[in-house]
Every structure is written in C-alpha cells, then in structure tokens.
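Novice: Mind having a look at this structure? Questions to follow.
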Amino acid sequence: MDALDRKILTELQLDGRLTITELAARVQLSVSPCHRRLRDLEREGAIRGYRAVVDPVAVGLNFEALVFVTLRWETPDTVTAFEEAVTAVPHVLQAQRLFGEPDYLLRVATTDLTAFQQLYDERLARLPGVQRLTSTLVMKNVIADRPLPES
C-alpha cells in the first residue's frame with residue numbers, strides 16, 4: 001500500500017458516497033487508475049464495506065454508557081459463550097476484549113437512563129460468565145468516527 005492508496009482511504013472515510021470521478025479528482029488521478037486502485041483495496045480487505053453513519057440522538061438514542069465487564073473465569077467456553085451472547089444484544093454498539101482487568105469494554109446506547117438500567121439488569125448482568133459490571137456514563141463525545149491516520 002502506497003501513499004496514494006492511503007489518500008484514497010482517507011477521502012472515502014471522510015465521504016463514502018464520493019463518485020469515482022470525485023474521488024479521482026481529490027487524489028489527483030484519472031478515473032481508470034483510481035477505480036483500479038479502489039477495487040484492489042476492496043479485494044485486499046483494506047475496505048471492508050460502506051455504510052451510513054447515523055447520529056444516535058437523531059434516532060432517539062440519547063444515552064450512552066461504557067460498561068466494563070469482568071468474567072468469573074476465563075475458559076475458552078466462557079469467553080465464547082459471553083461473546084456470542086453479547087453479540088445478540090442490539091444496544092451494544094461496540095464490544096472489545098481487553099488484556100488484564102476488566103475483561104471487556106462495551107459501548108452501549110439506549111433512549112435514557114431508565115432504558116439503560118433495564119438493559120443492565122435484564123440483559124447485561126445475565127450474560128454468561130459475568131462476575132462484575134462497572135459502568136460510566138458518556139458526558140460528551142469529543143472524537144467520534146475519526147478516519148484512520150494515513151500512517
């Protein structure tokens with residue numbers, strides 16, 4: 001991957017709806033070579049897909065929390081069961097397995113504090129292998145959906 005490929009990736013992260021003509025102009029390439037590079041980036045997996053970035057508040061998800069999860073024990077079966085179960089919870093927007101304690105960090109969005117409490121009590125606390133949940137509320141997103149750096 002060279003600097004031109006990185007520039008293509010940066011431009012698409014800023015605006016995934018660019019036409020190939022617009023993209024080519026922004027990276028100073030003619031359309032055919034730009035299109036070829038774009039297809040190569042898609043085929044190689046550097047571009048995993050395209051999607052709309054939706055404002056959670058605009059769709060009524062006004063409340064965001066970070067939930068730290070510590071498992072009772074970490075056997076492969078416990079980890080697998082937890083990961084499969086947490087994947088089925090639609091309000092969990094992101095789940096990351098961590099080194100050390102806690103074991104996981106979940107980013108959760110709900111309509112309000114009451115909905116979060118219900119989700120916490122009825123779904124998150126009952127996930128397989130959960131020993132402890134610790135939450136913190138998101139006051140403000142300072143950086144969200146930032147494009148990856150070019151290098």
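By order in the structure tokens, chains are A, B, ...; within a chain, residues start at 1; ligands start at 1, following the order shown.
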Please, which residues of stretch 5-141 of chain A, numbered as in this document, come out strand (DSSP E) from DSSP, as number ranges by chain?
Specialist: A: 63-71, 92-97, 104-110, 130-137
Novice: With a distance cut-off of 12 Å and only C-alpha atoms, select the neighbouring residues of A:Ala144, excluding the residue or stretch itself and same-chain residues fewer than 6 positions from it, and output the selection as a list in words.
Specialist: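 Residues near the query, excluding close chain neighbours: Val53, Val54, Asp55 and Pro56 of chain A.
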Novice: For those residues, write N, CA, C and O atoms to a file as a CSV table (one decimal), in the first residue's frame.
Specialist:
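Final output, saved to part.csv:
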```csv
chain,number,residue,atom,x,y,z
A,53,VAL,N,-23.3,6.6,8.5
A,53,VAL,CA,-23.0,6.9,9.9
A,53,VAL,C,-24.2,7.7,10.4
A,53,VAL,O,-24.5,8.8,10.0
A,54,VAL,N,-25.0,7.1,11.3
A,54,VAL,CA,-26.2,7.6,11.8
A,54,VAL,C,-26.0,8.3,13.2
A,54,VAL,O,-25.3,7.7,14.1
A,55,ASP,N,-26.6,9.4,13.4
A,55,ASP,CA,-26.5,10.2,14.6
A,55,ASP,C,-27.4,9.5,15.6
A,55,ASP,O,-28.6,9.5,15.4
A,56,PRO,N,-26.9,8.9,16.7
A,56,PRO,CA,-27.8,8.2,17.7
A,56,PRO,C,-28.9,9.1,18.2
A,56,PRO,O,-30.0,8.7,18.4
```
Novice: Counting only C-alpha atoms, which of A:Val79, A:Leu93, A:Val108, A:Leu148 gets nearest to A:Leu14?
Specialist: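 Looking at the shortest contact to A:Leu14, the residue is A:Leu148.
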Novice: Name the closest residue to A:Pro128 among the candidates A:Val86, A:Val142, A:Val31, A:Ala46; distances are taken between atoms, counting only C-alpha atoms.
Specialist: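 Nearest candidate to A:Pro128 out of A:Val86, A:Val142, A:Val31, A:Ala46: A:Val86.
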Novice: As an MDAnalysis selection string, please: the residues near A:Glu11 (cut-off 9 Å, only C-alpha atoms, same-chain neighbours under 4 positions excluded).
Specialist: chainID A and resid 6:7 15:16 18 23 26:27 147
Novice: Can I get the selected residues back with C-alpha atoms, as a JSON list (two decimals), in the first residue's frame?
Specialist:
```
[["chain", "number", "residue", "atom", "x", "y", "z"],
["A", 6, "ARG", "CA", -3.77, 5.83, 1.83],
["A", 7, "LYS", "CA", -5.10, 9.08, 0.36],
["A", 15, "ASP", "CA", -17.13, 10.79, 2.48],
["A", 16, "GLY", "CA", -18.03, 7.24, 1.49],
["A", 18, "LEU", "CA", -17.95, 10.02, -3.40],
["A", 23, "LEU", "CA", -12.55, 10.53, -5.72],
["A", 26, "ARG", "CA", -9.45, 14.56, -4.93],
["A", 27, "VAL", "CA", -6.48, 12.20, -5.14],
["A", 147, "PRO", "CA", -10.74, 8.42, 9.90]]
```
Novice: Need to verify the contact set: A:Cys34, 10 Å, only C-alpha atoms, exclusion of same-chain residues closer than 6 positions in sequence. Can you return it as a ChimeraX atom specification?
Specialist: /A:4-5,8,20-21,23-25,27-28,40
Novice: Looking at A:Glu84, A:Ala65, A:Val130, A:Gln94, which one is nearest to A:Gln117, with distances taken over only C-alpha atoms?
Specialist: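 The answer is A:Ala65, which sits nearest to A:Gln117.
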Novice: For the alpha helix (DSSP H) assignment from backbone DSSP, which residues of stretch 5-120 of chain A qualify? Please present them as a VMD selection string.
Specialist: chain A and resid 5 to 14 20 to 26 31 to 44 76 to 87 113 to 119
Novice: Go through A:Ser32, A:Thr111, A:Thr10, A:Thr87 one by one, measure the shortest atom-to-atom distance of each to A:Ile47 using only C-alpha atoms, and give the residue with the smallest value.
Specialist: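 Using only C-alpha atoms, A:Ile47 sits closest to A:Thr10.
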Novice: Could you work out how far atom CA of A:Ala88 lies from atom CA of A:Arg126, giving the answer in Å with one decimal?
Specialist: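 Rounded to one decimal, the two atoms are 12.7 Å apart.
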Novice: Pick the closest to A:Val67 from A:Leu105, A:Ile143, A:Leu9, A:Leu119: which is it, counting only C-alpha atoms?
Specialist: A:Leu105
Novice: Given only C-alpha atoms as the basis, pick out the residue of A:Ala3, A:Tyr120, A:Glu83, A:Val138 nearest to A:Arg37.
Specialist: A:Ala3
Novice: Please, what distance in Å, to one decimal, runs between atom CA of A:Asp2 and atom CA of A:Glu150?
Specialist: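 Taking atom CA of A:Asp2 and atom CA of A:Glu150, their separation equals 9.9 Å.
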Novice: Could you tell me how far atom CA of A:Arg43 lies from atom CA of A:Leu29, in Å and to one decimal?
Specialist: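 Between atom CA of A:Arg43 and atom CA of A:Leu29 the gap works out to 19.8 Å.
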